[in-house]
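Engineer: This is entry_8.pdb (PDB, C-alpha atoms and all ligand atoms).
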MODEL        1
ATOM      1  CA  MET R   1     170.092  77.866  60.674  1.00  0.00           C
ATOM      2  CA  ARG R   2     171.266  79.547  57.501  1.00  0.00           C
ATOM      3  CA  THR R   3     167.795  80.380  56.267  1.00  0.00           C
ATOM      4  CA  ILE R   4     167.390  82.997  59.015  1.00  0.00           C
ATOM      5  CA  ASN R   5     168.540  85.871  56.821  1.00  0.00           C
ATOM      6  CA  ARG R   6     166.180  84.862  54.055  1.00  0.00           C
ATOM      7  CA  ALA R   7     163.128  84.692  56.289  1.00  0.00           C
ATOM      8  CA  GLY R   8     161.724  87.820  54.625  1.00  0.00           C
ATOM      9  CA  ARG R   9     161.242  85.812  51.450  1.00  0.00           C
ATOM     10  CA  THR R  10     158.667  83.712  53.188  1.00  0.00           C
ATOM     11  CA  GLY R  11     156.389  86.724  53.528  1.00  0.00           C
ATOM     12  CA  VAL R  12     156.791  87.393  49.820  1.00  0.00           C
ATOM     13  CA  ARG R  13     155.884  83.800  48.988  1.00  0.00           C
ATOM     14  CA  VAL R  14     152.827  83.945  51.201  1.00  0.00           C
ATOM     15  CA  ALA R  15     151.755  87.209  49.540  1.00  0.00           C
ATOM     16  CA  GLY R  16     152.258  85.642  46.090  1.00  0.00           C
ATOM     17  CA  GLN R  17     149.724  82.833  46.559  1.00  0.00           C
ATOM     18  CA  ASP R  18     146.328  82.972  44.900  1.00  0.00           C
ATOM     19  CA  TRP R  19     144.330  83.461  48.101  1.00  0.00           C
ATOM     20  CA  ASP R  20     140.995  83.765  46.284  1.00  0.00           C
ATOM     21  CA  SER R  21     141.528  80.297  44.873  1.00  0.00           C
ATOM     22  CA  VAL R  22     142.509  78.982  48.323  1.00  0.00           C
ATOM     23  CA  ALA R  23     139.343  80.508  49.819  1.00  0.00           C
ATOM     24  CA  GLY R  24     137.259  78.946  47.025  1.00  0.00           C
ATOM     25  CA  ASP R  25     138.730  75.482  47.662  1.00  0.00           C
ATOM     26  CA  LEU R  26     138.250  75.888  51.407  1.00  0.00           C
ATOM     27  CA  ASP R  27     134.585  76.695  50.854  1.00  0.00           C
ATOM     28  CA  ALA R  28     134.151  73.737  48.492  1.00  0.00           C
ATOM     29  CA  TYR R  29     136.241  71.049  50.211  1.00  0.00           C
ATOM     30  CA  GLY R  30     137.406  72.298  53.603  1.00  0.00           C
ATOM     31  CA  ASN R  31     141.033  72.119  52.470  1.00  0.00           C
ATOM     32  CA  ALA R  32     143.210  73.802  49.848  1.00  0.00           C
ATOM     33  CA  LEU R  33     146.745  73.416  48.542  1.00  0.00           C
ATOM     34  CA  THR R  34     148.799  76.561  48.060  1.00  0.00           C
ATOM     35  CA  GLY R  35     149.401  76.788  44.322  1.00  0.00           C
ATOM     36  CA  GLN R  36     153.055  77.728  44.818  1.00  0.00           C
ATOM     37  CA  PRO R  37     155.632  76.494  47.332  1.00  0.00           C
ATOM     38  CA  LEU R  38     155.983  78.305  50.654  1.00  0.00           C
ATOM     39  CA  LEU R  39     159.435  76.831  51.280  1.00  0.00           C
ATOM     40  CA  SER R  40     162.327  76.023  48.931  1.00  0.00           C
ATOM     41  CA  PRO R  41     163.797  72.482  48.899  1.00  0.00           C
ATOM     42  CA  THR R  42     166.817  73.804  50.833  1.00  0.00           C
ATOM     43  CA  GLU R  43     164.566  75.338  53.473  1.00  0.00           C
ATOM     44  CA  CYS R  44     162.580  72.088  53.683  1.00  0.00           C
ATOM     45  CA  ARG R  45     165.769  70.136  54.312  1.00  0.00           C
ATOM     46  CA  ALA R  46     166.963  72.664  56.907  1.00  0.00           C
ATOM     47  CA  ILE R  47     163.691  72.368  58.829  1.00  0.00           C
ATOM     48  CA  THR R  48     163.713  68.558  58.588  1.00  0.00           C
ATOM     49  CA  ALA R  49     167.271  68.545  59.981  1.00  0.00           C
ATOM     50  CA  LEU R  50     166.026  70.343  63.108  1.00  0.00           C
ATOM     51  CA  TYR R  51     164.107  67.198  64.065  1.00  0.00           C
ATOM     52  CA  ASP R  52     167.179  65.741  65.762  1.00  0.00           C
ATOM     53  CA  ASP R  53     167.992  68.955  67.654  1.00  0.00           C
ATOM     54  CA  GLY R  54     166.319  68.139  70.980  1.00  0.00           C
ATOM     55  CA  GLU R  55     166.753  71.683  72.359  1.00  0.00           C
ATOM     56  CA  ARG R  56     164.263  73.017  69.817  1.00  0.00           C
ATOM     57  CA  PHE R  57     161.367  71.035  71.247  1.00  0.00           C
ATOM     58  CA  ARG R  58     159.340  71.028  74.458  1.00  0.00           C
ATOM     59  CA  THR R  59     157.805  67.540  74.080  1.00  0.00           C
ATOM     60  CA  THR R  60     158.023  64.501  71.850  1.00  0.00           C
ATOM     61  CA  VAL R  61     154.908  62.453  71.200  1.00  0.00           C
ATOM     62  CA  ASP R  62     155.098  58.738  70.448  1.00  0.00           C
ATOM     63  CA  MET R  63     151.902  58.350  68.464  1.00  0.00           C
ATOM     64  CA  ALA R  64     151.487  54.610  69.016  1.00  0.00           C
ATOM     65  CA  ARG R  65     151.706  55.034  72.800  1.00  0.00           C
ATOM     66  CA  HIS R  66     148.779  57.472  72.761  1.00  0.00           C
ATOM     67  CA  ARG R  67     146.925  55.443  70.122  1.00  0.00           C
ATOM     68  CA  PHE R  68     147.198  58.429  67.746  1.00  0.00           C
ATOM     69  CA  GLY R  69     148.501  56.127  64.990  1.00  0.00           C
ATOM     70  CA  SER R  70     152.190  55.330  64.524  1.00  0.00           C
ATOM     71  CA  GLY R  71     155.192  57.619  64.218  1.00  0.00           C
ATOM     72  CA  GLN R  72     156.500  60.554  66.173  1.00  0.00           C
ATOM     73  CA  TYR R  73     156.099  64.293  66.360  1.00  0.00           C
ATOM     74  CA  ARG R  74     157.769  67.015  68.362  1.00  0.00           C
ATOM     75  CA  TYR R  75     156.344  70.296  69.660  1.00  0.00           C
ATOM     76  CA  PHE R  76     158.642  73.252  69.070  1.00  0.00           C
ATOM     77  CA  THR R  77     159.291  75.530  72.038  1.00  0.00           C
ATOM     78  CA  HIS R  78     158.063  79.128  71.717  1.00  0.00           C
ATOM     79  CA  ASP R  79     161.554  79.955  70.483  1.00  0.00           C
ATOM     80  CA  LEU R  80     160.529  79.005  66.948  1.00  0.00           C
ATOM     81  CA  PRO R  81     162.963  78.907  64.044  1.00  0.00           C
ATOM     82  CA  GLU R  82     162.728  82.334  62.361  1.00  0.00           C
ATOM     83  CA  LEU R  83     161.380  80.823  59.172  1.00  0.00           C
ATOM     84  CA  VAL R  84     158.554  79.067  60.996  1.00  0.00           C
ATOM     85  CA  ARG R  85     157.672  82.154  63.034  1.00  0.00           C
ATOM     86  CA  GLU R  86     157.583  84.346  59.929  1.00  0.00           C
ATOM     87  CA  LEU R  87     155.508  81.875  57.958  1.00  0.00           C
ATOM     88  CA  ARG R  88     152.920  81.551  60.702  1.00  0.00           C
ATOM     89  CA  ALA R  89     152.616  85.326  61.179  1.00  0.00           C
ATOM     90  CA  ALA R  90     152.307  85.900  57.415  1.00  0.00           C
ATOM     91  CA  LEU R  91     149.680  83.181  56.954  1.00  0.00           C
ATOM     92  CA  TYR R  92     147.398  84.297  59.783  1.00  0.00           C
ATOM     93  CA  PRO R  93     146.011  87.496  58.143  1.00  0.00           C
ATOM     94  CA  ARG R  94     145.432  85.595  54.874  1.00  0.00           C
ATOM     95  CA  LEU R  95     143.249  83.036  56.633  1.00  0.00           C
ATOM     96  CA  LEU R  96     141.439  85.544  58.818  1.00  0.00           C
ATOM     97  CA  PRO R  97     138.822  86.571  56.184  1.00  0.00           C
ATOM     98  CA  VAL R  98     137.780  82.915  55.751  1.00  0.00           C
ATOM     99  CA  ALA R  99     137.699  82.379  59.527  1.00  0.00           C
ATOM    100  CA  ARG R 100     135.455  85.432  59.978  1.00  0.00           C
ATOM    101  CA  ASP R 101     133.222  84.519  57.032  1.00  0.00           C
ATOM    102  CA  TRP R 102     132.705  80.981  58.370  1.00  0.00           C
ATOM    103  CA  ALA R 103     131.936  82.233  61.875  1.00  0.00           C
ATOM    104  CA  GLY R 104     129.318  84.592  60.389  1.00  0.00           C
ATOM    105  CA  LYS R 105     127.685  81.769  58.438  1.00  0.00           C
ATOM    106  CA  LEU R 106     127.527  79.614  61.562  1.00  0.00           C
ATOM    107  CA  GLY R 107     126.212  82.489  63.691  1.00  0.00           C
ATOM    108  CA  ARG R 108     129.251  82.360  65.961  1.00  0.00           C
ATOM    109  CA  ASP R 109     131.493  85.021  67.467  1.00  0.00           C
ATOM    110  CA  ALA R 110     134.665  85.819  65.560  1.00  0.00           C
ATOM    111  CA  PRO R 111     137.091  86.623  68.396  1.00  0.00           C
ATOM    112  CA  TRP R 112     140.207  86.806  66.207  1.00  0.00           C
ATOM    113  CA  PRO R 113     142.022  90.176  66.107  1.00  0.00           C
ATOM    114  CA  ASP R 114     143.917  91.449  63.072  1.00  0.00           C
ATOM    115  CA  THR R 115     147.341  90.187  64.111  1.00  0.00           C
ATOM    116  CA  LEU R 116     148.610  86.834  65.288  1.00  0.00           C
ATOM    117  CA  ASP R 117     150.419  88.456  68.235  1.00  0.00           C
ATOM    118  CA  GLU R 118     147.179  89.908  69.605  1.00  0.00           C
ATOM    119  CA  TRP R 119     145.394  86.566  69.183  1.00  0.00           C
ATOM    120  CA  LEU R 120     148.212  84.685  70.921  1.00  0.00           C
ATOM    121  CA  THR R 121     148.022  87.108  73.848  1.00  0.00           C
ATOM    122  CA  MET R 122     144.328  86.236  74.143  1.00  0.00           C
ATOM    123  CA  CYS R 123     145.157  82.501  74.036  1.00  0.00           C
ATOM    124  CA  HIS R 124     147.785  82.908  76.751  1.00  0.00           C
ATOM    125  CA  GLU R 125     145.440  84.910  78.980  1.00  0.00           C
ATOM    126  CA  ALA R 126     142.859  82.112  78.601  1.00  0.00           C
ATOM    127  CA  GLY R 127     145.397  79.521  79.757  1.00  0.00           C
ATOM    128  CA  GLN R 128     146.479  78.219  76.342  1.00  0.00           C
ATOM    129  CA  ALA R 129     150.103  79.223  76.587  1.00  0.00           C
ATOM    130  CA  LYS R 130     152.125  76.342  75.155  1.00  0.00           C
ATOM    131  CA  SER R 131     153.525  76.198  71.648  1.00  0.00           C
ATOM    132  CA  ALA R 132     151.434  74.021  69.324  1.00  0.00           C
ATOM    133  CA  GLN R 133     153.783  74.071  66.322  1.00  0.00           C
ATOM    134  CA  ILE R 134     154.988  70.598  65.416  1.00  0.00           C
ATOM    135  CA  LEU R 135     157.455  68.746  63.260  1.00  0.00           C
ATOM    136  CA  LEU R 136     156.340  65.246  62.282  1.00  0.00           C
ATOM    137  CA  ARG R 137     158.389  62.269  61.122  1.00  0.00           C
ATOM    138  CA  TYR R 138     156.791  59.174  59.607  1.00  0.00           C
ATOM    139  CA  GLY R 139     158.645  56.040  58.476  1.00  0.00           C
ATOM    140  CA  ALA R 140     157.340  53.001  56.598  1.00  0.00           C
ATOM    141  CA  GLY R 141     154.222  51.675  58.347  1.00  0.00           C
ATOM    142  CA  ASP R 142     153.508  54.943  60.166  1.00  0.00           C
ATOM    143  CA  TRP R 143     150.217  56.795  59.944  1.00  0.00           C
ATOM    144  CA  ASN R 144     148.241  59.510  61.713  1.00  0.00           C
ATOM    145  CA  ALA R 145     144.751  58.713  63.009  1.00  0.00           C
ATOM    146  CA  LEU R 146     141.858  61.026  62.123  1.00  0.00           C
ATOM    147  CA  HIS R 147     141.821  63.792  64.731  1.00  0.00           C
ATOM    148  CA  ARG R 148     141.325  67.477  65.510  1.00  0.00           C
ATOM    149  CA  ASP R 149     143.967  69.822  66.941  1.00  0.00           C
ATOM    150  CA  VAL R 150     141.780  71.589  69.494  1.00  0.00           C
ATOM    151  CA  PHE R 151     143.269  72.320  72.920  1.00  0.00           C
ATOM    152  CA  GLY R 152     140.583  74.411  74.598  1.00  0.00           C
ATOM    153  CA  ASP R 153     138.052  77.152  73.950  1.00  0.00           C
ATOM    154  CA  MET R 154     140.498  79.284  71.972  1.00  0.00           C
ATOM    155  CA  VAL R 155     140.333  77.856  68.459  1.00  0.00           C
ATOM    156  CA  PHE R 156     141.428  79.307  65.151  1.00  0.00           C
ATOM    157  CA  PRO R 157     139.360  77.409  62.564  1.00  0.00           C
ATOM    158  CA  LEU R 158     142.091  76.835  59.961  1.00  0.00           C
ATOM    159  CA  GLN R 159     145.598  75.411  60.103  1.00  0.00           C
ATOM    160  CA  VAL R 160     148.390  74.661  57.636  1.00  0.00           C
ATOM    161  CA  VAL R 161     150.625  71.650  57.060  1.00  0.00           C
ATOM    162  CA  ILE R 162     153.717  71.916  54.869  1.00  0.00           C
ATOM    163  CA  GLY R 163     155.224  68.912  53.082  1.00  0.00           C
ATOM    164  CA  LEU R 164     158.993  68.727  53.548  1.00  0.00           C
ATOM    165  CA  ASP R 165     159.788  65.697  51.351  1.00  0.00           C
ATOM    166  CA  VAL R 166     159.220  64.760  47.718  1.00  0.00           C
ATOM    167  CA  PRO R 167     156.251  62.372  47.400  1.00  0.00           C
ATOM    168  CA  GLY R 168     156.940  59.360  45.191  1.00  0.00           C
ATOM    169  CA  THR R 169     160.709  59.838  45.634  1.00  0.00           C
ATOM    170  CA  ASP R 170     161.378  60.237  49.368  1.00  0.00           C
ATOM    171  CA  PHE R 171     158.304  58.235  50.364  1.00  0.00           C
ATOM    172  CA  THR R 172     155.236  56.453  48.994  1.00  0.00           C
ATOM    173  CA  GLY R 173     151.769  56.329  50.584  1.00  0.00           C
ATOM    174  CA  GLY R 174     151.354  58.936  53.308  1.00  0.00           C
ATOM    175  CA  GLU R 175     148.521  60.951  51.817  1.00  0.00           C
ATOM    176  CA  PHE R 176     146.886  63.678  53.841  1.00  0.00           C
ATOM    177  CA  ILE R 177     143.283  62.603  54.431  1.00  0.00           C
ATOM    178  CA  MET R 178     140.170  64.376  55.715  1.00  0.00           C
ATOM    179  CA  THR R 179     136.633  63.435  56.577  1.00  0.00           C
ATOM    180  CA  GLU R 180     133.670  65.757  56.610  1.00  0.00           C
ATOM    181  CA  GLN R 181     130.745  64.646  58.742  1.00  0.00           C
ATOM    182  CA  ARG R 182     127.727  65.819  56.791  1.00  0.00           C
ATOM    183  CA  PRO R 183     124.580  66.832  58.658  1.00  0.00           C
ATOM    184  CA  ARG R 184     122.259  63.779  58.946  1.00  0.00           C
ATOM    185  CA  ALA R 185     124.222  61.865  56.280  1.00  0.00           C
ATOM    186  CA  GLN R 186     127.288  59.689  55.807  1.00  0.00           C
ATOM    187  CA  SER R 187     130.760  61.268  55.815  1.00  0.00           C
ATOM    188  CA  ARG R 188     132.692  62.493  52.791  1.00  0.00           C
ATOM    189  CA  GLY R 189     136.418  61.787  52.452  1.00  0.00           C
ATOM    190  CA  SER R 190     139.111  63.771  50.641  1.00  0.00           C
ATOM    191  CA  SER R 191     142.847  63.351  50.234  1.00  0.00           C
ATOM    192  CA  ALA R 192     145.844  65.366  49.107  1.00  0.00           C
ATOM    193  CA  THR R 193     149.445  64.638  48.222  1.00  0.00           C
ATOM    194  CA  LEU R 194     151.646  67.446  49.510  1.00  0.00           C
ATOM    195  CA  PRO R 195     154.335  68.492  47.027  1.00  0.00           C
ATOM    196  CA  GLN R 196     157.609  69.448  48.719  1.00  0.00           C
ATOM    197  CA  GLY R 197     157.438  72.946  50.187  1.00  0.00           C
ATOM    198  CA  HIS R 198     153.736  73.364  49.459  1.00  0.00           C
ATOM    199  CA  GLY R 199     151.199  74.115  52.136  1.00  0.00           C
ATOM    200  CA  LEU R 200     147.786  72.609  52.635  1.00  0.00           C
ATOM    201  CA  VAL R 201     145.327  74.853  54.467  1.00  0.00           C
ATOM    202  CA  PHE R 202     142.622  72.845  56.183  1.00  0.00           C
ATOM    203  CA  THR R 203     139.690  73.026  58.601  1.00  0.00           C
ATOM    204  CA  THR R 204     140.636  72.513  62.232  1.00  0.00           C
ATOM    205  CA  ARG R 205     137.307  71.590  63.808  1.00  0.00           C
ATOM    206  CA  ASP R 206     134.241  72.269  61.661  1.00  0.00           C
ATOM    207  CA  ARG R 207     133.021  74.411  58.820  1.00  0.00           C
ATOM    208  CA  PRO R 208     129.777  75.756  57.332  1.00  0.00           C
ATOM    209  CA  VAL R 209     128.136  73.735  54.568  1.00  0.00           C
ATOM    210  CA  ARG R 210     124.960  74.719  52.756  1.00  0.00           C
ATOM    211  CA  SER R 211     121.787  73.069  53.914  1.00  0.00           C
ATOM    212  CA  ALA R 212     118.092  73.418  53.186  1.00  0.00           C
ATOM    213  CA  ARG R 213     117.739  76.009  55.934  1.00  0.00           C
ATOM    214  CA  GLY R 214     120.905  78.018  55.236  1.00  0.00           C
ATOM    215  CA  TRP R 215     124.170  76.849  56.775  1.00  0.00           C
ATOM    216  CA  SER R 216     124.924  73.768  58.837  1.00  0.00           C
ATOM    217  CA  ASN R 217     128.003  72.881  60.778  1.00  0.00           C
ATOM    218  CA  ALA R 218     130.085  69.994  59.372  1.00  0.00           C
ATOM    219  CA  PRO R 219     132.629  68.494  61.815  1.00  0.00           C
ATOM    220  CA  MET R 220     135.946  67.720  60.070  1.00  0.00           C
ATOM    221  CA  ARG R 221     138.802  65.413  60.981  1.00  0.00           C
ATOM    222  CA  HIS R 222     142.240  64.993  59.401  1.00  0.00           C
ATOM    223  CA  GLY R 223     144.994  62.395  59.416  1.00  0.00           C
ATOM    224  CA  VAL R 224     147.572  60.668  57.224  1.00  0.00           C
ATOM    225  CA  SER R 225     147.282  57.320  55.440  1.00  0.00           C
ATOM    226  CA  THR R 226     149.982  54.713  56.053  1.00  0.00           C
ATOM    227  CA  VAL R 227     153.424  55.515  54.662  1.00  0.00           C
ATOM    228  CA  ARG R 228     154.351  52.525  52.495  1.00  0.00           C
ATOM    229  CA  SER R 229     158.073  53.256  52.096  1.00  0.00           C
ATOM    230  CA  GLY R 230     160.681  55.919  52.886  1.00  0.00           C
ATOM    231  CA  HIS R 231     160.315  58.867  55.233  1.00  0.00           C
ATOM    232  CA  ARG R 232     157.770  61.639  55.272  1.00  0.00           C
ATOM    233  CA  HIS R 233     158.282  64.845  57.290  1.00  0.00           C
ATOM    234  CA  THR R 234     155.801  67.667  57.687  1.00  0.00           C
ATOM    235  CA  LEU R 235     155.631  70.984  59.497  1.00  0.00           C
ATOM    236  CA  GLY R 236     152.297  71.570  61.246  1.00  0.00           C
ATOM    237  CA  LEU R 237     151.261  75.164  61.898  1.00  0.00           C
ATOM    238  CA  VAL R 238     148.332  75.795  64.231  1.00  0.00           C
ATOM    239  CA  PHE R 239     147.248  79.361  64.988  1.00  0.00           C
ATOM    240  CA  HIS R 240     146.031  78.926  68.555  1.00  0.00           C
ATOM    241  CA  ASP R 241     148.363  77.785  71.295  1.00  0.00           C
ATOM    242  CA  ALA R 242     148.012  74.643  73.400  1.00  0.00           C
ATOM    243  CA  ALA R 243     146.927  74.134  77.003  1.00  0.00           C
TER     244      ALA R 243
HETATM  245  O1  LIG R 301     151.489  65.082  58.460  1.00  0.00           O
HETATM  246  C1  LIG R 301     150.458  65.594  58.013  1.00  0.00           C
HETATM  247  O2  LIG R 301     150.241  65.702  56.804  1.00  0.00           O
HETATM  248  C2  LIG R 301     149.392  66.098  58.955  1.00  0.00           C
HETATM  249  C3  LIG R 301     149.911  66.351  60.328  1.00  0.00           C
HETATM  250  C4  LIG R 301     148.871  66.914  61.264  1.00  0.00           C
HETATM  251  O3  LIG R 301     148.096  66.221  61.856  1.00  0.00           O
HETATM  252  C5  LIG R 301     148.812  68.367  61.435  1.00  0.00           C
HETATM  253  O4  LIG R 301     149.584  69.107  60.810  1.00  0.00           O
HETATM  254  O5  LIG R 301     147.975  68.809  62.225  1.00  0.00           O
HETATM  255 FE    FE R 302     146.832  67.382  63.141  1.00  0.00          FE
ENDMDL
END
Take the structure in the file and give it back as structure tokens.
Ligand SMILES: O=C(O)CCC(=O)C(=O)O
Ligand SMILES: [Fe+2]
Structural biologist:
Amino acid sequence: MRTINRAGRTGVRVAGQDWDSVAGDLDAYGNALTGQPLLSPTECRAITALYDDGERFRTTVDMARHRFGSGQYRYFTHDLPELVRELRAALYPRLLPVARDWAGKLGRDAPWPDTLDEWLTMCHEAGQAKSAQILLRYGAGDWNALHRDVFGDMVFPLQVVIGLDVPGTDFTGGEFIMTEQRPRAQSRGSSATLPQGHGLVFTTRDRPVRSARGWSNAPMRHGVSTVRSGHRHTLGLVFHDAA
């Protein structure tokens, strides 16, 4: 795709985000929008156009068939588009301080090395060797059930979804939604509309929340509310690989 030569810009855009603000929102809500786009509208359209290029993907999931909701998503092969590879590698070290901080608060090991490549080698050696990067396509009536993208013991605690369409113009409905299961209490919900090209960083499995005795573990789930009209595409970046 033509964006290949501009892939270096992605690293610049990742570096230009206000990561302190992202970390603050992650601590408060378990999810955080990037304040600035990670992808230009042209790049968003180029990635969306890949959806119909079957060679790019290792598997296609019909969400209704698995009772995951309604709609479709496709797992990229390891031969990721340059832009996607660069984005994932640039995001990993930005999320690492939060991952390590959360593990410390929960009294857990923090097995994640400084670079994504080293972490992926660990995933592969542990038997999680398949690409987990996905492109999702939702039409009117489609939705994504509340879930967690965990494929085994190797888990990076944060992931990123990037909106590829313009909400309100290309589609209506289709909000990103999250629930936080509070210790010994009812769950809290949150939602986000993803502006085109913007990323939403969110909790993969669980996160520390303050409790009377220090920190408790709050299980989190994410999904997408029903798309009312149009089409909604997203790029899902997960930092561990799949089994
Ligand atoms: O389409 C979305 O906003 C969320 C997709 C999703 O489940 C993910 O990226 O893990
Ligand atoms: Fe997901």
Engineer: Taking all atoms listed in the file into account, list the residues no farther than 10 Å from ligand LIG 301 (chain R), as a PyMOL selection string.
Structural biologist: chain R and resi 68+73+132-138+143-150+159-164+174-178+192-194+199-204+221-225+232-238
Engineer: Would you compute the distance between CA of Arg205 (chain R) and CA of Asn217 (chain R)? Give it in Å to one decimal.
Structural biologist: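 About the pair CA of Arg205 (chain R) and CA of Asn217 (chain R): they are 9.9 Å apart.
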Engineer: Give as a list in words each residue that has an atom at most 7 Å from (145.8, 81.1, 61.5) in the file, counting all atoms listed in the file.
Structural biologist: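 Residues lying no farther than 7 Å from the given point: Leu91, Tyr92, Leu95, Leu96, Phe156, Leu158, Gln159, Val238 and Phe239 of chain R.
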Engineer: Which is closer to Gly189 (chain R) than all the others in R:Gly139, R:Gly104, R:Tyr29, R:His78, using all atoms listed in the file?
Structural biologist: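 Distance minimum relative to Gly189 (chain R) lands on R:Tyr29.
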Engineer: Hey, can you check how far CA of Val166 (chain R) sits from CA of Thr34 (chain R)?
Structural biologist: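 One can read the CA of Val166 (chain R) to CA of Thr34 (chain R) distance as 15.7 Å.
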Engineer: To verify the selection step, state as a PyMOL selection string which residues the PyMOL selection byres (((chain R and resi 11) around 9) and not hetatm) yields on this input.
Structural biologist: chain R and resi 7-10+12-16+38+86-87+89-91
Engineer: Measure the distance from CA of Glu55 (chain R) to CA of Ser131 (chain R) in Å and round it to one decimal.
Structural biologist: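 CA of Ser131 (chain R) lies 14.0 Å from CA of Glu55 (chain R).
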Engineer: Could you tell me which residues the PyMOL selection byres (((chain R and resi 30) around 10) and not hetatm) grabs in this file, written as number ranges by chain?
Structural biologist: R: 22-29, 31-32, 158, 178-180, 190, 201-204, 206-209, 218, 220
Engineer: Name the closest residue to ligand FE 302 (chain R) among the candidates R:Lys130, R:Phe151, R:Ala185, R:Trp119; distances are taken between atoms, counting all atoms listed in the file.
Structural biologist: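 Counting all atoms listed in the file, the residue closest to ligand FE 302 (chain R) is R:Phe151.
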